[in-house]
Amino acid sequence: MNASGNPALVLNADFRPLSYYPLSLCSWQDAVKSVFLNRVSVIEKYDQSVSSPTISFKLPSVIALKDYVMPQRKPAFTRFNVFLRDNFTCQYCAKKFAANDLTFDHLVPRCLHGKTTWQNVVSACTTCNLKKGRKLIQNTDMKLLKRPVQPHSMQLQNNGRNFPPNYLHDSWRDYLYWDTELEN
Ligand SMILES: [Zn+2]
């Protein structure tokens with residue numbers, strides 16, 4: 001069986017995905033291991049099954065942790081999380097980009113002793129980054145979309161919901177669109 005196939009969606013004990021973007025998935029091998037270690041409950045299954053000489057069972061497609069995991073209050077200050085905070089949108093031209101096409105821009109440039117912090121770093125496309133260069137924004141004709149702040153984990157989770165993954169198994173949909181469906 002293809003090792004990258006049949007991943008399981010991992011839900012927290014409250015049945016919400018552990019994370020939306022990237023979506024919390026684990027390989028079928030890890031899913032099976034967690035079931036045997038009694039750490040998770042199987043919520044939905046694939047049609048495919050695995051078998052050993054003694055038993056055979058269907059691969060889990062959705063699993064839920066038995067113990068609730070508290071989301072970290074302070075998200076890690078990473079490039080990815082900065083892009084997620086800014087919704088993968090250049091904070092100068094307000095256009096959306098793929099992560100590969102986004103860069104980090106220091107509001108107060110490093111050459112002016114600007115720090116690499118949540119409050120001084122924004123997502124910028126390459127064009128805007130080059131255009132701003134080592135200037136302060138007030139010395140350019142550019143506008144800042146939003147003053148950057150340190151996000152809460154909840155805010156990053158919410159932003160992550162806007163980015164559905166390329167592949168969605170049918171059995172995941174209810175869990176991913178739980179909140180969306182309630183709004184209708
Ligand atoms: Zn831009």
# chains A, B, ... in the order shown; residues from 1 in each chain; ligands from 1
$ residues_around --residues "stretch 28-30 of chain A" --least-positions-apart "3" --cutoff "7 Å" --atoms "only C-alpha atoms" --output "list in words"
Asn6, Pro7, Ala8, Lys33, Ser34 and Leu59 of chain A
$ residues_around --residues "stretch 163-170 of chain A" --least-positions-apart "4" --cutoff "12 Å" --atoms "only C-alpha atoms" --output "MDAnalysis selection string"
chainID A and resid 5:9 19:25 44:47 60:62 84 87:88 96 98:99 156:159 174:177
$ residues_around --residues "A:Lys146" --least-positions-apart "5" --cutoff "12 Å" --atoms "only C-alpha atoms" --output "list in words"
Arg85, Asp86, Asn87, Thr89, Cys90, Gln91, Tyr92, Cys93, Ala94, Leu107, Gln119, Asn120, Val121, Val122 and Ser123 of chain A
$ closest_residue --among "A:Thr116, A:Ser41, A:Arg134, A:Ala124" --to "A:Phe104" --atoms "only C-alpha atoms"
A:Ala124
$ closest_residue --among "A:Pro109, A:Gly114, A:Pro17, A:Pro53" --to "A:Tyr68" --atoms "only C-alpha atoms"
A:Pro17
$ residues_around --residues "A:Leu65" --least-positions-apart "6" --cutoff "7 Å" --atoms "only C-alpha atoms" --output "ChimeraX atom specification"
/A:11-13,39-41
$ atom_distance --atom1 "atom CA of A:Thr126" --atom2 "atom CA of A:Asp105"
9.5 Å
$ closest_residue --among "A:Ser27, A:Thr103, A:Gln150, A:Asn162" --to "ligand 1" --atoms "only C-alpha atoms and all ligand atoms"
A:Thr103
$ closest_residue --among "A:Phe97, A:Phe57, A:Trp172, A:Trp118" --to "ligand 1" --atoms "only C-alpha atoms and all ligand atoms"
A:Phe97
$ select_by_dssp --residues "stretch 4-181 of chain A" --states "alpha helix (DSSP H)" --output "PyMOL selection string"
chain A and resi 28-36+79-85+126-132+153-160+173-176+178-181
$ write_last_selection --atoms "C-alpha atoms" --output "mmCIF file, in the first residue's frame"
data_model
loop_
_atom_site.group_PDB
_atom_site.id
_atom_site.type_symbol
_atom_site.label_atom_id
_atom_site.label_comp_id
_atom_site.auth_asym_id
_atom_site.auth_seq_id
_atom_site.Cartn_x
_atom_site.Cartn_y
_atom_site.Cartn_z
ATOM 1 C CA TRP A 28 -2.268 5.565 8.232
ATOM 2 C CA GLN A 29 0.635 3.878 10.033
ATOM 3 C CA ASP A 30 0.616 6.502 12.796
ATOM 4 C CA ALA A 31 -3.167 6.430 12.945
ATOM 5 C CA VAL A 32 -3.168 2.658 13.436
ATOM 6 C CA LYS A 33 -0.439 2.941 16.062
ATOM 7 C CA SER A 34 -2.425 5.556 18.033
ATOM 8 C CA VAL A 35 -5.513 3.357 17.934
ATOM 9 C CA PHE A 36 -3.550 0.452 19.411
ATOM 10 C CA ARG A 79 7.718 32.717 8.753
ATOM 11 C CA PHE A 80 4.713 30.480 8.130
ATOM 12 C CA ASN A 81 2.729 31.947 11.018
ATOM 13 C CA VAL A 82 3.472 35.504 9.900
ATOM 14 C CA PHE A 83 2.061 34.641 6.458
ATOM 15 C CA LEU A 84 -0.927 32.977 8.094
ATOM 16 C CA ARG A 85 -1.538 36.019 10.339
ATOM 17 C CA THR A 126 8.856 40.417 -3.851
ATOM 18 C CA THR A 127 7.903 43.465 -5.918
ATOM 19 C CA CYS A 128 6.721 45.478 -2.903
ATOM 20 C CA ASN A 129 9.646 44.307 -0.806
ATOM 21 C CA LEU A 130 12.110 45.545 -3.429
ATOM 22 C CA LYS A 131 10.173 48.764 -3.883
ATOM 23 C CA LYS A 132 10.188 49.562 -0.175
ATOM 24 C CA SER A 153 -3.531 30.999 18.355
ATOM 25 C CA MET A 154 -7.281 31.272 17.812
ATOM 26 C CA GLN A 155 -6.790 33.962 15.190
ATOM 27 C CA LEU A 156 -4.298 31.804 13.280
ATOM 28 C CA GLN A 157 -6.696 28.858 13.484
ATOM 29 C CA ASN A 158 -9.486 31.006 12.067
ATOM 30 C CA ASN A 159 -7.292 32.306 9.263
ATOM 31 C CA GLY A 160 -6.256 28.744 8.462
ATOM 32 C CA ARG A 173 -15.922 17.329 5.231
ATOM 33 C CA ASP A 174 -18.328 17.401 8.142
ATOM 34 C CA TYR A 175 -15.502 18.084 10.550
ATOM 35 C CA LEU A 176 -13.924 20.784 8.424
ATOM 36 C CA TRP A 178 -18.827 22.194 10.909
ATOM 37 C CA ASP A 179 -18.759 25.901 11.659
ATOM 38 C CA THR A 180 -19.547 26.987 8.133
ATOM 39 C CA GLU A 181 -22.675 24.895 7.946
#
$ closest_residue --among "A:Leu102, A:Cys26, A:Val149, A:Ile63" --to "ligand 1" --atoms "only C-alpha atoms and all ligand atoms"
A:Leu102
$ select_by_dssp --residues "chain A" --states "strand (DSSP E)" --output "PyMOL selection string"
chain A and resi 8-11+25-26+40-51+56-65+102-106+121-125
$ atom_distance --atom1 "atom CA of A:Lys115" --atom2 "atom 1 (Zn, counted along the ligand's line) of ligand 1"
21.1 Å
$ decode --residues "stretch 15-85 of chain A" --atoms "C-alpha atoms" --output "JSON list (two decimals), in the first residue's frame"
[["chain", "number", "residue", "atom", "x", "y", "z"],
["A", 15, "PHE", "CA", -14.00, 17.07, 17.47],
["A", 16, "ARG", "CA", -12.43, 20.09, 15.83],
["A", 17, "PRO", "CA", -9.31, 19.62, 13.72],
["A", 18, "LEU", "CA", -6.11, 20.15, 15.69],
["A", 19, "SER", "CA", -5.10, 22.63, 13.04],
["A", 20, "TYR", "CA", -6.61, 23.80, 9.78],
["A", 21, "TYR", "CA", -3.63, 25.02, 7.88],
["A", 22, "PRO", "CA", -1.69, 22.95, 7.45],
["A", 23, "LEU", "CA", -4.52, 20.53, 8.07],
["A", 24, "SER", "CA", -3.80, 18.11, 10.92],
["A", 25, "LEU", "CA", -3.32, 14.78, 9.18],
["A", 26, "CYS", "CA", -1.32, 11.72, 10.08],
["A", 27, "SER", "CA", -0.20, 8.73, 8.06],
["A", 28, "TRP", "CA", -2.27, 5.57, 8.23],
["A", 29, "GLN", "CA", 0.64, 3.88, 10.03],
["A", 30, "ASP", "CA", 0.62, 6.50, 12.80],
["A", 31, "ALA", "CA", -3.17, 6.43, 12.94],
["A", 32, "VAL", "CA", -3.17, 2.66, 13.44],
["A", 33, "LYS", "CA", -0.44, 2.94, 16.06],
["A", 34, "SER", "CA", -2.42, 5.56, 18.03],
["A", 35, "VAL", "CA", -5.51, 3.36, 17.93],
["A", 36, "PHE", "CA", -3.55, 0.45, 19.41],
["A", 37, "LEU", "CA", -2.01, 2.73, 22.04],
["A", 38, "ASN", "CA", -5.57, 3.74, 22.94],
["A", 39, "ARG", "CA", -4.80, 7.43, 22.47],
["A", 40, "VAL", "CA", -7.51, 8.07, 19.89],
["A", 41, "SER", "CA", -11.02, 7.00, 18.99],
["A", 42, "VAL", "CA", -11.81, 6.03, 15.42],
["A", 43, "ILE", "CA", -14.61, 8.23, 14.11],
["A", 44, "GLU", "CA", -14.73, 7.31, 10.42],
["A", 45, "LYS", "CA", -13.09, 4.63, 8.29],
["A", 46, "TYR", "CA", -11.82, 4.12, 4.78],
["A", 47, "ASP", "CA", -12.99, 1.16, 2.72],
["A", 48, "GLN", "CA", -9.40, -0.09, 2.52],
["A", 49, "SER", "CA", -8.26, -2.41, 5.24],
["A", 50, "VAL", "CA", -4.97, -3.71, 6.56],
["A", 51, "SER", "CA", -4.51, -7.18, 7.82],
["A", 52, "SER", "CA", -2.02, -9.12, 9.85],
["A", 53, "PRO", "CA", -2.11, -12.90, 10.18],
["A", 54, "THR", "CA", -4.46, -12.57, 13.13],
["A", 55, "ILE", "CA", -6.67, -9.56, 12.48],
["A", 56, "SER", "CA", -7.94, -7.32, 9.70],
["A", 57, "PHE", "CA", -9.50, -3.93, 10.09],
["A", 58, "LYS", "CA", -10.42, -0.87, 8.07],
["A", 59, "LEU", "CA", -8.05, 2.09, 8.04],
["A", 60, "PRO", "CA", -9.23, 5.06, 10.09],
["A", 61, "SER", "CA", -10.02, 8.18, 8.05],
["A", 62, "VAL", "CA", -10.97, 10.40, 10.99],
["A", 63, "ILE", "CA", -9.59, 9.96, 14.49],
["A", 64, "ALA", "CA", -10.18, 12.02, 17.64],
["A", 65, "LEU", "CA", -7.76, 12.42, 20.52],
["A", 66, "LYS", "CA", -9.07, 11.07, 23.81],
["A", 67, "ASP", "CA", -7.34, 13.82, 25.77],
["A", 68, "TYR", "CA", -8.03, 17.42, 24.86],
["A", 69, "VAL", "CA", -4.94, 19.30, 23.73],
["A", 70, "MET", "CA", -4.92, 22.94, 24.78],
["A", 71, "PRO", "CA", -3.89, 25.15, 21.89],
["A", 72, "GLN", "CA", -0.73, 27.05, 22.67],
["A", 73, "ARG", "CA", -1.59, 30.57, 23.73],
["A", 74, "LYS", "CA", 1.40, 32.14, 22.09],
["A", 75, "PRO", "CA", 1.92, 30.94, 18.54],
["A", 76, "ALA", "CA", 5.54, 30.40, 17.47],
["A", 77, "PHE", "CA", 7.09, 33.32, 15.66],
["A", 78, "THR", "CA", 7.76, 31.61, 12.36],
["A", 79, "ARG", "CA", 7.72, 32.72, 8.75],
["A", 80, "PHE", "CA", 4.71, 30.48, 8.13],
["A", 81, "ASN", "CA", 2.73, 31.95, 11.02],
["A", 82, "VAL", "CA", 3.47, 35.50, 9.90],
["A", 83, "PHE", "CA", 2.06, 34.64, 6.46],
["A", 84, "LEU", "CA", -0.93, 32.98, 8.09],
["A", 85, "ARG", "CA", -1.54, 36.02, 10.34]]
